[in-house]
Structure formats: structure tokens, C-alpha cells
Amino acid sequence: GTGILAISALKLGADRAFGFDIDEWSETNAKENILLNKVDNFEVKLGSTEVIPEGDTYDLILANINRNALIELLPELVKRLSKCGKLLLSGLLEEDEKIIKEQPAVGSLTYKETRQQGEWIAILFEK
């Protein structure tokens with residue numbers, strides 16, 4: 001997911017992308033896909049939020065992981081949003097929506113919308 005989301009963002013016009021994953025295979029796979037898709041300005045690292053370059057902020061943050069992992073990462077992800085940045089959370093089930101929206105970390109954000117396909121949802125917030 002890390003590579004696919006970043007590569008898609010770059011192909012849709014993003015200037016740069018940064019991705020991280022705690023799974024070594026996913027990091028390796030993302031690096032292979034960078035080469036296969038011939039994209040520039042994409043860095044991927046093995047680890048969690050501690051590998052995000054210090055001081056970097058982002059106009060768009062995409063996170064496609066389960067609810068419990070998102071809850072743990074939310075404070076750092078919100079901190080890394082630039083002014084007017086957007087946070088798109090997916091990999092969530094319908095019953096996760098209320099729990100995510102009640103998290104203190106998203107209290108400073110504006111809820112924009114939820115989209116659903118079957119039991120899966122994606123939630124968009126904006127700073």
C-alpha cells in the first residue's frame with residue numbers, strides 16, 4: 001500500500017512523496033515499484049513515524065491501515081499536516097468511523113466526508 005499510494009499521488013501531480021512501513025517486505029516492494037513506475041521524488045523508509053524527516057509537513061497524508069494502528073499514529077500524522085493539509089484514512093471498517101472521529105488527535109481537524117464501499121470506509125479530514 002505504501003508504494004501504490006505514493007506512486008499514484010506522484011502520477012497525479014504531487015511534487016514529492018514520503019512513505020514508511022514497518023514491514024520490511026513492503027518497504028522493499030515499494031522501492032521496486034518506484035523503479036518500475038519510473039517516478040522521482042519518492043523516499044520510502046522502514047519504520048514508523050520516527051523515520052519521518054524532522055520538521056517536514058505535508059499537504060496530503062494518506063494512511064491505509066487498520067483502526068488500532070491509525071489511532072496510535074494519529075497524533076504524529078496530524079502534527080505533520082501543513083496548514084490546510086488533508087488527512088485521508090482508509091483500511092477502516094464501517095464500525096470504525098465513530099471511534100476514529102472521536103479521537104482527540106483529530107479534534108483540531110475538520111471532518112469533510114466518509115466514503116464507503118461495502119463494509120470498508122475512507123474518512124477525510126482537513127486542517
# chains A, B, ... in the order shown; residues from 1 in each chain; ligands from 1
$ residues_around --residues "Gly85 (chain A)" --least-positions-apart "2" --cutoff "10 Å" --atoms "only C-alpha atoms" --output "ChimeraX atom specification"
/A:57-61,78,80-83,87,109,125-127
$ select_by_dssp --residues "chain A" --states "helix (DSSP H, G or I)" --output "PyMOL selection string"
chain A and resi 2-11+24-37+49-51+67-79+94-101+104-106
$ atom_distance --atom1 "CA of Gly47 (chain A)" --atom2 "CA of Glu119 (chain A)"
29.0 Å
$ closest_residue --among "A:Thr2, A:Asn64, A:Thr49, A:Thr114" --to "Lys101 (chain A)" --atoms "only C-alpha atoms"
A:Thr114
